[in-house]
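Have a look at data39.pdb; it's PDB, C-alpha atoms:
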MODEL        1
ATOM      1  CA  MET B   1     -13.586  71.805 124.063
ATOM      2  CA  LYS B   2     -16.927  72.659 122.507
ATOM      3  CA  PHE B   3     -17.280  71.307 118.970
ATOM      4  CA  SER B   4     -19.868  71.676 116.271
ATOM      5  CA  ILE B   5     -19.906  69.311 113.320
ATOM      6  CA  GLN B   6     -20.967  69.923 109.734
ATOM      7  CA  VAL B   7     -21.719  66.912 107.498
ATOM      8  CA  ASN B   8     -21.780  67.749 103.780
ATOM      9  CA  GLU B   9     -22.208  64.339 102.128
ATOM     10  CA  GLY B  10     -24.839  61.636 102.029
ATOM     11  CA  PRO B  11     -24.400  58.270 103.783
ATOM     12  CA  TYR B  12     -22.805  55.240 102.062
ATOM     13  CA  GLN B  13     -21.823  57.136  98.889
ATOM     14  CA  HIS B  14     -19.139  58.963 100.829
ATOM     15  CA  GLN B  15     -17.205  58.365 104.037
ATOM     16  CA  ALA B  16     -17.867  61.865 105.402
ATOM     17  CA  SER B  17     -20.820  60.857 107.568
ATOM     18  CA  ASP B  18     -18.997  57.815 108.993
ATOM     19  CA  SER B  19     -15.955  59.950 109.800
ATOM     20  CA  ALA B  20     -18.106  62.663 111.352
ATOM     21  CA  TYR B  21     -19.874  60.028 113.472
ATOM     22  CA  GLN B  22     -16.600  58.441 114.616
ATOM     23  CA  PHE B  23     -15.118  61.854 115.410
ATOM     24  CA  THR B  24     -18.185  63.017 117.335
ATOM     25  CA  LYS B  25     -18.413  59.755 119.283
ATOM     26  CA  ALA B  26     -14.707  59.852 120.181
ATOM     27  CA  ALA B  27     -14.886  63.505 121.223
ATOM     28  CA  LEU B  28     -17.890  62.864 123.472
ATOM     29  CA  GLU B  29     -16.262  59.782 125.005
ATOM     30  CA  LYS B  30     -13.216  61.916 125.831
ATOM     31  CA  GLY B  31     -15.473  64.356 127.688
ATOM     32  CA  HIS B  32     -15.689  67.080 125.054
ATOM     33  CA  GLU B  33     -18.949  68.812 124.283
ATOM     34  CA  CYS B  34     -20.807  68.793 120.968
ATOM     35  CA  PHE B  35     -23.007  71.859 120.574
ATOM     36  CA  ARG B  36     -24.672  70.688 117.364
ATOM     37  CA  VAL B  37     -24.327  68.422 114.326
ATOM     38  CA  PHE B  38     -25.525  70.208 111.185
ATOM     39  CA  PHE B  39     -26.357  68.262 108.020
ATOM     40  CA  TYR B  40     -26.019  70.196 104.769
ATOM     41  CA  HIS B  41     -25.917  69.509 101.010
ATOM     42  CA  ASP B  42     -26.537  65.746 100.460
ATOM     43  CA  GLY B  43     -25.668  65.350 104.161
ATOM     44  CA  VAL B  44     -29.387  65.829 104.853
ATOM     45  CA  LEU B  45     -29.911  62.281 103.502
ATOM     46  CA  ASN B  46     -28.393  61.024 106.768
ATOM     47  CA  GLY B  47     -31.688  62.022 108.373
ATOM     48  CA  THR B  48     -34.182  59.654 106.743
ATOM     49  CA  ARG B  49     -35.521  56.771 108.823
ATOM     50  CA  LEU B  50     -36.409  54.886 105.607
ATOM     51  CA  THR B  51     -32.768  53.928 105.081
ATOM     52  CA  THR B  52     -32.427  50.125 104.958
ATOM     53  CA  PRO B  53     -28.824  48.972 104.493
ATOM     54  CA  PRO B  54     -27.966  45.244 104.195
ATOM     55  CA  GLN B  55     -27.957  43.477 107.568
ATOM     56  CA  ASP B  56     -24.204  42.951 107.608
ATOM     57  CA  ASP B  57     -23.513  46.652 107.045
ATOM     58  CA  ARG B  58     -23.547  49.523 109.538
ATOM     59  CA  ASN B  59     -26.747  51.553 109.807
ATOM     60  CA  ILE B  60     -25.453  55.101 109.654
ATOM     61  CA  VAL B  61     -28.812  56.749 110.366
ATOM     62  CA  ASN B  62     -29.415  54.577 113.444
ATOM     63  CA  ASN B  63     -25.858  55.244 114.599
ATOM     64  CA  TRP B  64     -26.598  58.980 114.671
ATOM     65  CA  THR B  65     -29.943  58.473 116.392
ATOM     66  CA  GLU B  66     -28.410  56.241 119.073
ATOM     67  CA  LEU B  67     -25.524  58.650 119.664
ATOM     68  CA  ALA B  68     -28.027  61.488 119.990
ATOM     69  CA  GLU B  69     -30.046  59.509 122.531
ATOM     70  CA  LYS B  70     -27.002  58.664 124.602
ATOM     71  CA  TYR B  71     -25.525  62.179 124.685
ATOM     72  CA  ASP B  72     -28.620  64.326 124.005
ATOM     73  CA  LEU B  73     -27.066  65.524 120.743
ATOM     74  CA  ASP B  74     -28.738  68.199 118.636
ATOM     75  CA  LEU B  75     -28.977  66.785 115.075
ATOM     76  CA  VAL B  76     -30.130  69.520 112.692
ATOM     77  CA  VAL B  77     -31.000  69.031 109.026
ATOM     78  CA  CYS B  78     -30.934  72.172 106.854
ATOM     79  CA  VAL B  79     -34.460  72.984 105.721
ATOM     80  CA  ALA B  80     -33.570  74.379 102.265
ATOM     81  CA  ALA B  81     -31.287  71.420 101.487
ATOM     82  CA  ALA B  82     -33.906  69.010 102.898
ATOM     83  CA  GLN B  83     -36.713  70.410 100.768
ATOM     84  CA  ARG B  84     -34.620  69.918  97.625
ATOM     85  CA  ARG B  85     -33.833  66.331  98.538
ATOM     86  CA  GLY B  86     -37.120  65.146 100.026
ATOM     87  CA  ILE B  87     -36.428  64.975 103.756
ATOM     88  CA  VAL B  88     -39.743  65.701 105.439
ATOM     89  CA  ASP B  89     -41.036  66.057 109.006
ATOM     90  CA  ASP B  90     -44.621  66.741 110.149
ATOM     91  CA  GLY B  91     -44.288  70.504 109.838
ATOM     92  CA  GLU B  92     -42.757  70.358 106.358
ATOM     93  CA  ALA B  93     -45.347  67.815 105.167
ATOM     94  CA  GLU B  94     -48.124  70.143 106.241
ATOM     95  CA  ARG B  95     -46.510  73.300 104.828
ATOM     96  CA  ASN B  96     -45.691  71.762 101.458
ATOM     97  CA  GLY B  97     -48.672  69.438 101.068
ATOM     98  CA  LYS B  98     -46.693  66.174 101.163
ATOM     99  CA  ASP B  99     -48.382  62.838 101.879
ATOM    100  CA  ALA B 100     -45.581  61.352 104.016
ATOM    101  CA  THR B 101     -42.720  62.092 106.376
ATOM    102  CA  ASN B 102     -39.341  60.356 106.647
ATOM    103  CA  ILE B 103     -37.328  62.245 109.282
ATOM    104  CA  ALA B 104     -35.398  59.888 111.558
ATOM    105  CA  PRO B 105     -35.798  59.972 115.366
ATOM    106  CA  ARG B 106     -33.737  62.658 117.142
ATOM    107  CA  PHE B 107     -33.211  64.646 113.911
ATOM    108  CA  ARG B 108     -34.938  67.995 113.431
ATOM    109  CA  ILE B 109     -35.296  70.285 110.415
ATOM    110  CA  SER B 110     -34.288  73.914 110.839
ATOM    111  CA  GLY B 111     -32.626  76.831 109.059
ATOM    112  CA  LEU B 112     -29.075  77.765 108.109
ATOM    113  CA  GLY B 113     -29.040  80.176 111.014
ATOM    114  CA  GLN B 114     -28.499  77.089 113.180
ATOM    115  CA  LEU B 115     -25.186  76.463 111.394
ATOM    116  CA  VAL B 116     -24.053  80.061 111.785
ATOM    117  CA  GLU B 117     -25.061  80.058 115.446
ATOM    118  CA  ALA B 118     -23.155  76.799 115.978
ATOM    119  CA  ALA B 119     -20.032  78.361 114.442
ATOM    120  CA  ILE B 120     -20.329  81.362 116.752
ATOM    121  CA  GLN B 121     -21.017  79.354 119.918
ATOM    122  CA  SER B 122     -18.418  76.590 119.447
ATOM    123  CA  ASP B 123     -14.656  76.581 119.873
ATOM    124  CA  ARG B 124     -14.298  74.589 116.646
ATOM    125  CA  LEU B 125     -16.506  73.898 113.643
ATOM    126  CA  VAL B 126     -15.307  70.667 112.036
ATOM    127  CA  VAL B 127     -16.487  70.131 108.449
ATOM    128  CA  PHE B 128     -16.719  66.628 106.954
ATOM    129  CA  GLY B 129     -16.859  66.277 103.162
ATOM    130  CA  ASP B 130     -14.692  66.710 100.098
TER     131      ASP B 130
ATOM    132  CA  MET Q   1     -24.684  85.855 120.768
ATOM    133  CA  SER Q   2     -22.817  89.131 121.003
ATOM    134  CA  ASP Q   3     -19.514  87.538 119.980
ATOM    135  CA  THR Q   4     -18.106  88.633 116.651
ATOM    136  CA  LYS Q   5     -15.920  86.168 114.824
ATOM    137  CA  ASN Q   6     -13.931  86.251 111.608
ATOM    138  CA  PHE Q   7     -15.797  83.948 109.223
ATOM    139  CA  MET Q   8     -14.018  82.758 106.093
ATOM    140  CA  PHE Q   9     -15.979  80.989 103.374
ATOM    141  CA  LEU Q  10     -13.551  78.937 101.331
ATOM    142  CA  ASN Q  11     -15.034  78.246  97.897
ATOM    143  CA  ARG Q  12     -13.232  75.555  95.921
ATOM    144  CA  ARG Q  13     -15.843  74.293  93.422
ATOM    145  CA  ALA Q  14     -16.951  75.370  89.956
ATOM    146  CA  PRO Q  15     -20.320  77.170  90.073
ATOM    147  CA  TYR Q  16     -22.147  74.440  88.152
ATOM    148  CA  GLY Q  17     -21.699  70.677  88.052
ATOM    149  CA  THR Q  18     -22.378  70.351  91.776
ATOM    150  CA  ILE Q  19     -24.557  72.350  94.152
ATOM    151  CA  TYR Q  20     -21.762  73.249  96.599
ATOM    152  CA  ALA Q  21     -21.161  76.781  95.265
ATOM    153  CA  TRP Q  22     -24.838  77.724  95.273
ATOM    154  CA  GLU Q  23     -25.551  76.283  98.728
ATOM    155  CA  SER Q  24     -22.384  77.954 100.045
ATOM    156  CA  LEU Q  25     -23.727  81.285  98.853
ATOM    157  CA  GLU Q  26     -26.938  80.604 100.768
ATOM    158  CA  VAL Q  27     -24.924  80.280 103.998
ATOM    159  CA  VAL Q  28     -23.065  83.528 103.256
ATOM    160  CA  LEU Q  29     -26.370  85.383 102.871
ATOM    161  CA  ILE Q  30     -27.644  83.989 106.195
ATOM    162  CA  ALA Q  31     -24.355  84.725 107.990
ATOM    163  CA  ALA Q  32     -24.750  88.407 107.086
ATOM    164  CA  ALA Q  33     -27.755  88.575 109.422
ATOM    165  CA  PHE Q  34     -25.587  87.473 112.371
ATOM    166  CA  GLU Q  35     -23.274  90.508 112.208
ATOM    167  CA  GLN Q  36     -20.047  88.576 111.882
ATOM    168  CA  ASN Q  37     -16.931  89.658 109.974
ATOM    169  CA  VAL Q  38     -17.533  87.738 106.764
ATOM    170  CA  SER Q  39     -14.884  87.189 104.080
ATOM    171  CA  LEU Q  40     -14.850  84.876 101.101
ATOM    172  CA  MET Q  41     -11.899  83.066  99.542
ATOM    173  CA  PHE Q  42     -12.006  81.597  96.036
ATOM    174  CA  ALA Q  43      -9.464  78.911  95.174
ATOM    175  CA  ASP Q  44      -9.077  75.956  92.800
ATOM    176  CA  ASP Q  45     -12.136  75.754  90.490
ATOM    177  CA  GLY Q  46     -13.882  78.133  92.903
ATOM    178  CA  VAL Q  47     -12.349  81.036  90.951
ATOM    179  CA  TYR Q  48     -14.847  80.258  88.156
ATOM    180  CA  GLU Q  49     -17.654  81.311  90.521
ATOM    181  CA  LEU Q  50     -16.627  84.949  90.041
ATOM    182  CA  THR Q  51     -16.175  84.963  86.264
ATOM    183  CA  LYS Q  52     -18.098  87.548  84.220
ATOM    184  CA  ASN Q  53     -20.735  86.850  81.568
ATOM    185  CA  GLN Q  54     -21.867  83.466  82.816
ATOM    186  CA  ASP Q  55     -24.621  81.988  80.633
ATOM    187  CA  THR Q  56     -26.453  78.932  81.922
ATOM    188  CA  ALA Q  57     -29.232  78.864  79.308
ATOM    189  CA  GLY Q  58     -27.840  75.729  77.707
ATOM    190  CA  ILE Q  59     -27.756  73.628  80.893
ATOM    191  CA  GLY Q  60     -31.145  74.473  82.381
ATOM    192  CA  MET Q  61     -29.653  75.788  85.613
ATOM    193  CA  LYS Q  62     -30.433  79.047  87.378
ATOM    194  CA  ASN Q  63     -27.641  81.579  86.786
ATOM    195  CA  PHE Q  64     -26.879  82.715  90.323
ATOM    196  CA  SER Q  65     -23.694  84.631  89.477
ATOM    197  CA  PRO Q  66     -25.398  88.079  89.786
ATOM    198  CA  THR Q  67     -25.791  87.312  93.511
ATOM    199  CA  TYR Q  68     -22.017  87.609  94.053
ATOM    200  CA  ARG Q  69     -22.155  91.242  92.921
ATOM    201  CA  THR Q  70     -24.649  92.027  95.695
ATOM    202  CA  LEU Q  71     -22.522  90.628  98.526
ATOM    203  CA  GLY Q  72     -21.208  94.098  99.377
ATOM    204  CA  ASP Q  73     -24.785  94.918 100.407
ATOM    205  CA  TYR Q  74     -24.707  91.896 102.738
ATOM    206  CA  GLU Q  75     -21.778  93.345 104.677
ATOM    207  CA  VAL Q  76     -19.226  91.040 103.091
ATOM    208  CA  ARG Q  77     -16.083  93.145 103.312
ATOM    209  CA  HIS Q  78     -13.477  91.018 101.527
ATOM    210  CA  MET Q  79     -13.530  88.615  98.583
ATOM    211  CA  TYR Q  80     -10.111  87.092  98.010
ATOM    212  CA  VAL Q  81      -9.025  85.145  94.935
ATOM    213  CA  ASP Q  82      -6.041  82.796  94.939
ATOM    214  CA  LYS Q  83      -3.634  84.031  92.264
ATOM    215  CA  ALA Q  84      -2.145  80.627  91.458
ATOM    216  CA  SER Q  85      -5.613  79.089  90.892
ATOM    217  CA  LEU Q  86      -6.522  81.969  88.584
ATOM    218  CA  GLU Q  87      -3.302  81.684  86.564
ATOM    219  CA  ALA Q  88      -3.520  77.892  86.297
ATOM    220  CA  ARG Q  89      -6.868  78.369  84.517
ATOM    221  CA  GLY Q  90      -5.648  81.083  82.151
ATOM    222  CA  LEU Q  91      -7.712  83.763  83.913
ATOM    223  CA  THR Q  92      -6.832  87.254  85.153
ATOM    224  CA  ALA Q  93      -8.560  89.750  87.448
ATOM    225  CA  ASP Q  94     -10.138  91.278  84.308
ATOM    226  CA  ASP Q  95     -12.184  88.097  83.831
ATOM    227  CA  LEU Q  96     -13.830  88.494  87.247
ATOM    228  CA  VAL Q  97     -16.846  90.501  88.335
ATOM    229  CA  GLN Q  98     -16.341  93.622  90.435
ATOM    230  CA  VAL Q  99     -18.158  93.934  93.733
ATOM    231  CA  GLU Q 100     -18.806  97.320  95.298
ATOM    232  CA  TRP Q 101     -19.016  97.886  99.013
ATOM    233  CA  GLU Q 102     -20.334 100.859 100.933
ATOM    234  CA  ASP Q 103     -20.891 101.543 104.615
ATOM    235  CA  TRP Q 104     -24.228 103.358 104.725
ATOM    236  CA  GLU Q 105     -23.471 104.957 108.081
ATOM    237  CA  THR Q 106     -19.983 106.314 107.456
ATOM    238  CA  GLU Q 107     -20.359 106.596 103.659
ATOM    239  CA  GLU Q 108     -16.987 104.881 103.373
ATOM    240  CA  SER Q 109     -16.923 102.987 100.092
ATOM    241  CA  VAL Q 110     -14.731 100.631  98.073
ATOM    242  CA  ASP Q 111     -15.170 100.288  94.298
ATOM    243  CA  ASN Q 112     -14.174  96.642  94.220
ATOM    244  CA  ILE Q 113     -13.677  94.303  97.177
ATOM    245  CA  VAL Q 114     -12.456  91.438  94.948
ATOM    246  CA  GLU Q 115      -8.724  91.105  95.585
ATOM    247  CA  VAL Q 116      -6.240  88.704  94.002
ATOM    248  CA  VAL Q 117      -3.765  87.429  96.607
ATOM    249  CA  ASP Q 118      -0.747  85.114  96.514
ATOM    250  CA  SER Q 119      -0.513  81.727  98.231
ATOM    251  CA  GLU Q 120       1.355  83.076 101.240
ATOM    252  CA  ARG Q 121      -1.410  85.607 101.879
ATOM    253  CA  VAL Q 122      -4.054  82.894 101.390
ATOM    254  CA  ALA Q 123      -2.422  80.893 104.171
ATOM    255  CA  GLU Q 124      -2.234  83.947 106.450
ATOM    256  CA  LEU Q 125      -5.879  84.841 105.863
ATOM    257  CA  LEU Q 126      -7.050  81.300 106.622
ATOM    258  CA  ASP Q 127      -4.883  81.264 109.735
ATOM    259  CA  GLU Q 128      -6.362  84.580 110.934
ATOM    260  CA  SER Q 129      -9.927  83.296 110.570
ATOM    261  CA  ASP Q 130     -11.854  82.019 113.593
ATOM    262  CA  VAL Q 131     -14.106  79.816 111.480
ATOM    263  CA  VAL Q 132     -13.463  78.398 108.013
ATOM    264  CA  PHE Q 133     -16.548  77.169 106.173
ATOM    265  CA  SER Q 134     -15.191  74.919 103.459
ATOM    266  CA  PHE Q 135     -17.293  74.292 100.358
TER     267      PHE Q 135
ENDMDL
END
Would you mind writing the structure in this file as structure tokens?
Amino acid sequence: MKFSIQVNEGPYQHQASDSAYQFTKAALEKGHECFRVFFYHDGVLNGTRLTTPPQDDRNIVNNWTELAEKYDLDLVVCVAAAQRRGIVDDGEAERNGKDATNIAPRFRISGLGQLVEAAIQSDRLVVFGD
Amino acid sequence: MSDTKNFMFLNRRAPYGTIYAWESLEVVLIAAAFEQNVSLMFADDGVYELTKNQDTAGIGMKNFSPTYRTLGDYEVRHMYVDKASLEARGLTADDLVQVEWEDWETEESVDNIVEVVDSERVAELLDESDVVFSF
């Protein structure tokens, strides 16, 4: 089955990102396909490489990056939600005159059309959040 | 990308207090450009999103409620409201905005696409949807 995943909550505050990660990993290990993971609302905060959890805790951002590397996952952060919450890549830094970037490896910033397209192209859109 | 699916946006949050309602509306506006069959469902505190005469001056937030009244122009064909959620909050259909819809090609028009439905119908509508965006 072809899944797309929507993550609506930030890491650590809420279990949504952990659950989405576990679900996506399990689905891929079972041979299913993941068309796209789309991060929305505070979910965009999963895409900052500046996250530094305590050493004995899981690193949610790195987990996503590593999963993306292993399975060539498309991790998309919503641009409008990202701008509100300070998630920045090279293009956004240049467009908005910011002095730094923080996007994590394998994540990319794009528009809401990517979420709608994912819903159209996938057999199931699975939403993680309250 | 020629596939047409039945999209249902399930709105369960009050319009202010969290950003879910506003960012949900942003997805609805984008979805219109993809020529899908878009419907909205309002349940739980989500019914407050459609209430008339919202005034956000005191909380320093943008009042985005006028946007709901334009959704007919974005090819949203149905806006359903869960009756039980409405009643539990002491509201009736009279407390909600009306949203007009018109097909510019056929000139077919509907005065108000906001429809109060019972729980059984809510379940049917969700079941009939290909994609449920839950906010």
**OP:** Determine which residues of chain B sit within 10 Å of chain Q, taking into account only C-alpha atoms, and present them as a list in words.
**Re:** Gln6, Asn8, Tyr40, His41, Asp42, Ala80, Ala81, Gly111, Leu112, Gly113, Gln114, Leu115, Val116, Glu117, Ala119, Ile120, Gln121, Ser122, Asp123, Arg124, Leu125, Val126, Val127, Phe128, Gly129 and Asp130 of chain B
Original post:
How would you write, as a list in words, the residues chosen by the PyMOL selection byres ((chain B and resi 60) around 8) on this structure?
Top reply: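 For this structure, the PyMOL selection byres ((chain B and resi 60) around 8) resolves to Pro11, Ser17, Asp18, Asn46, Arg58, Asn59, Val61, Asn62, Asn63 and Trp64 of chain B.
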Could you list, as a JSON list (two decimals) with C-alpha atoms, in the frame of the given file, every residue matched by the PyMOL selection byres ((chain Q and resi 90-105) around 7) in this structure?
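The resulting selection_10.json:
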[["chain", "number", "residue", "atom", "x", "y", "z"],
["Q", 50, "LEU", "CA", -16.63, 84.95, 90.04],
["Q", 51, "THR", "CA", -16.18, 84.96, 86.26],
["Q", 52, "LYS", "CA", -18.10, 87.55, 84.22],
["Q", 69, "ARG", "CA", -22.16, 91.24, 92.92],
["Q", 72, "GLY", "CA", -21.21, 94.10, 99.38],
["Q", 73, "ASP", "CA", -24.78, 94.92, 100.41],
["Q", 86, "LEU", "CA", -6.52, 81.97, 88.58],
["Q", 87, "GLU", "CA", -3.30, 81.68, 86.56],
["Q", 88, "ALA", "CA", -3.52, 77.89, 86.30],
["Q", 89, "ARG", "CA", -6.87, 78.37, 84.52],
["Q", 106, "THR", "CA", -19.98, 106.31, 107.46],
["Q", 107, "GLU", "CA", -20.36, 106.60, 103.66],
["Q", 108, "GLU", "CA", -16.99, 104.88, 103.37],
["Q", 109, "SER", "CA", -16.92, 102.99, 100.09],
["Q", 110, "VAL", "CA", -14.73, 100.63, 98.07],
["Q", 111, "ASP", "CA", -15.17, 100.29, 94.30],
["Q", 112, "ASN", "CA", -14.17, 96.64, 94.22],
["Q", 113, "ILE", "CA", -13.68, 94.30, 97.18],
["Q", 114, "VAL", "CA", -12.46, 91.44, 94.95]]
For a quick check of your reading of the model, name the residues lying within 10 Å of the coordinate (-26.8, 63.0, 119.8), counting only C-alpha atoms, and write them as an mmCIF file with C-alpha atoms, in the coordinates of the input.
data_model
loop_
_atom_site.group_PDB
_atom_site.id
_atom_site.type_symbol
_atom_site.label_atom_id
_atom_site.label_comp_id
_atom_site.auth_asym_id
_atom_site.auth_seq_id
_atom_site.Cartn_x
_atom_site.Cartn_y
_atom_site.Cartn_z
ATOM 1 C CA TYR B 21 -19.874 60.028 113.472
ATOM 2 C CA THR B 24 -18.185 63.017 117.335
ATOM 3 C CA LYS B 25 -18.413 59.755 119.283
ATOM 4 C CA LEU B 28 -17.890 62.864 123.472
ATOM 5 C CA CYS B 34 -20.807 68.793 120.968
ATOM 6 C CA PHE B 35 -23.007 71.859 120.574
ATOM 7 C CA ARG B 36 -24.672 70.688 117.364
ATOM 8 C CA VAL B 37 -24.327 68.422 114.326
ATOM 9 C CA ASN B 63 -25.858 55.244 114.599
ATOM 10 C CA TRP B 64 -26.598 58.980 114.671
ATOM 11 C CA THR B 65 -29.943 58.473 116.392
ATOM 12 C CA GLU B 66 -28.410 56.241 119.073
ATOM 13 C CA LEU B 67 -25.524 58.650 119.664
ATOM 14 C CA ALA B 68 -28.027 61.488 119.990
ATOM 15 C CA GLU B 69 -30.046 59.509 122.531
ATOM 16 C CA LYS B 70 -27.002 58.664 124.602
ATOM 17 C CA TYR B 71 -25.525 62.179 124.685
ATOM 18 C CA ASP B 72 -28.620 64.326 124.005
ATOM 19 C CA LEU B 73 -27.066 65.524 120.743
ATOM 20 C CA ASP B 74 -28.738 68.199 118.636
ATOM 21 C CA LEU B 75 -28.977 66.785 115.075
ATOM 22 C CA ARG B 106 -33.737 62.658 117.142
ATOM 23 C CA PHE B 107 -33.211 64.646 113.911
#
Subject >> Result set of the PyMOL selection byres ((chain Q and resi 16) around 10) on the coordinates above, as a list in words >> reply: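 So the PyMOL selection byres ((chain Q and resi 16) around 10), applied here, picks out Arg13, Ala14, Pro15, Gly17, Thr18, Ile19, Tyr20, Ala21, Trp22, Tyr48, Glu49, Thr56, Ile59, Met61, Lys62, Asn63 and Phe64 of chain Q.
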With C-alpha atoms kept, could you save the residues just selected as a JSON list (two decimals), keeping the file's coordinate frame?
[["chain", "number", "residue", "atom", "x", "y", "z"],
["Q", 13, "ARG", "CA", -15.84, 74.29, 93.42],
["Q", 14, "ALA", "CA", -16.95, 75.37, 89.96],
["Q", 15, "PRO", "CA", -20.32, 77.17, 90.07],
["Q", 17, "GLY", "CA", -21.70, 70.68, 88.05],
["Q", 18, "THR", "CA", -22.38, 70.35, 91.78],
["Q", 19, "ILE", "CA", -24.56, 72.35, 94.15],
["Q", 20, "TYR", "CA", -21.76, 73.25, 96.60],
["Q", 21, "ALA", "CA", -21.16, 76.78, 95.26],
["Q", 22, "TRP", "CA", -24.84, 77.72, 95.27],
["Q", 48, "TYR", "CA", -14.85, 80.26, 88.16],
["Q", 49, "GLU", "CA", -17.65, 81.31, 90.52],
["Q", 56, "THR", "CA", -26.45, 78.93, 81.92],
["Q", 59, "ILE", "CA", -27.76, 73.63, 80.89],
["Q", 61, "MET", "CA", -29.65, 75.79, 85.61],
["Q", 62, "LYS", "CA", -30.43, 79.05, 87.38],
["Q", 63, "ASN", "CA", -27.64, 81.58, 86.79],
["Q", 64, "PHE", "CA", -26.88, 82.72, 90.32]]
Original post:
So which residues touch Ile87 (chain B) within 7 Å, counting all atoms listed in the file, skipping near sequence neighbours fewer than 4 positions away, as a ChimeraX atom specification?
Top reply: /B:48,82-83,102-103
Subject >> Pick from Q:Glu120, Q:Ser65, Q:Gly60, Q:Thr70, whichever lies nearest to Ala84 (chain Q) using only C-alpha atoms >> reply: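 So, comparing all the options, the nearest one is Q:Glu120.
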Subject >> Residue nearest Val77 (chain B) - candidates B:Leu45, B:Ala27, B:Leu50, B:Ala118, atoms counted: all atoms listed in the file >> reply: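 Closest residue, counting all atoms listed in the file: B:Leu45.
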**OP:** Select, from Q:Ser85, Q:Ser119, Q:Ser129, Q:Asn11, the residue with the minimum atom-to-atom distance to Met41 (chain Q), counting all atoms listed in the file.
**Re:**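 For Met41 (chain Q), the nearest of the given residues is Q:Asn11.
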Subject >> Atom-to-atom span, CA of Ala100 (chain B) and CA of Phe38 (chain B), Å >> reply: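 Atom-to-atom, CA of Ala100 (chain B) and CA of Phe38 (chain B) are spaced 23.1 Å apart.
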Original post:
What is the distance, in Å and to one decimal place, between CA of Gln55 (chain B) and CA of Ile5 (chain B)?
Top reply: 27.7 Å
**OP:** Please identify all polymer residues within 10 Å of Asp118 (chain Q), counting only C-alpha atoms, omitting same-chain residues fewer than 5 positions from it, and present them as a list in words.
**Re:**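 Residues meeting the cut-off are Tyr80, Val81, Asp82, Lys83, Ala84, Ser85 and Ala123 of chain Q.
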Some atoms are missing, so please complete region 112-116 of chain Q with all heavy atoms and return it as a PDB file, in the coordinates of the input.
ATOM      1  N   ASN Q 112     -14.226  98.072  94.519  1.00  0.00           N
ATOM      2  CA  ASN Q 112     -14.174  96.642  94.220  1.00  0.00           C
ATOM      3  C   ASN Q 112     -13.498  95.893  95.366  1.00  0.00           C
ATOM      4  O   ASN Q 112     -12.313  96.110  95.635  1.00  0.00           O
ATOM      5  CB  ASN Q 112     -13.395  96.412  92.913  1.00  0.00           C
ATOM      6  CG  ASN Q 112     -13.396  94.962  92.501  1.00  0.00           C
ATOM      7  OD1 ASN Q 112     -14.208  94.164  92.980  1.00  0.00           O
ATOM      8  ND2 ASN Q 112     -12.478  94.600  91.625  1.00  0.00           N
ATOM      9  N   ILE Q 113     -14.250  95.040  96.036  1.00  0.00           N
ATOM     10  CA  ILE Q 113     -13.677  94.303  97.177  1.00  0.00           C
ATOM     11  C   ILE Q 113     -13.081  92.958  96.758  1.00  0.00           C
ATOM     12  O   ILE Q 113     -12.618  92.195  97.588  1.00  0.00           O
ATOM     13  CB  ILE Q 113     -14.729  94.074  98.297  1.00  0.00           C
ATOM     14  CG1 ILE Q 113     -15.950  93.292  97.785  1.00  0.00           C
ATOM     15  CG2 ILE Q 113     -15.153  95.392  98.920  1.00  0.00           C
ATOM     16  CD1 ILE Q 113     -16.898  92.839  98.902  1.00  0.00           C
ATOM     17  N   VAL Q 114     -13.092  92.674  95.432  1.00  0.00           N
ATOM     18  CA  VAL Q 114     -12.456  91.438  94.948  1.00  0.00           C
ATOM     19  C   VAL Q 114     -10.952  91.694  94.826  1.00  0.00           C
ATOM     20  O   VAL Q 114     -10.526  92.627  94.154  1.00  0.00           O
ATOM     21  CB  VAL Q 114     -13.031  91.016  93.582  1.00  0.00           C
ATOM     22  CG1 VAL Q 114     -12.301  89.783  93.062  1.00  0.00           C
ATOM     23  CG2 VAL Q 114     -14.527  90.743  93.691  1.00  0.00           C
ATOM     24  N   GLU Q 115     -10.159  90.866  95.518  1.00  0.00           N
ATOM     25  CA  GLU Q 115      -8.724  91.105  95.585  1.00  0.00           C
ATOM     26  C   GLU Q 115      -7.960  89.807  95.288  1.00  0.00           C
ATOM     27  O   GLU Q 115      -8.226  88.783  95.924  1.00  0.00           O
ATOM     28  CB  GLU Q 115      -8.392  91.610  96.998  1.00  0.00           C
ATOM     29  CG  GLU Q 115      -6.958  91.983  97.223  1.00  0.00           C
ATOM     30  CD  GLU Q 115      -6.699  92.341  98.704  1.00  0.00           C
ATOM     31  OE1 GLU Q 115      -7.682  92.542  99.455  1.00  0.00           O
ATOM     32  OE2 GLU Q 115      -5.533  92.385  99.091  1.00  0.00           O
ATOM     33  N   VAL Q 116      -7.054  89.877  94.329  1.00  0.00           N
ATOM     34  CA  VAL Q 116      -6.240  88.704  94.002  1.00  0.00           C
ATOM     35  C   VAL Q 116      -5.034  88.676  94.943  1.00  0.00           C
ATOM     36  O   VAL Q 116      -4.336  89.681  95.089  1.00  0.00           O
ATOM     37  CB  VAL Q 116      -5.769  88.744  92.529  1.00  0.00           C
ATOM     38  CG1 VAL Q 116      -4.882  87.540  92.213  1.00  0.00           C
ATOM     39  CG2 VAL Q 116      -6.979  88.778  91.588  1.00  0.00           C
TER      40      VAL Q 116
END
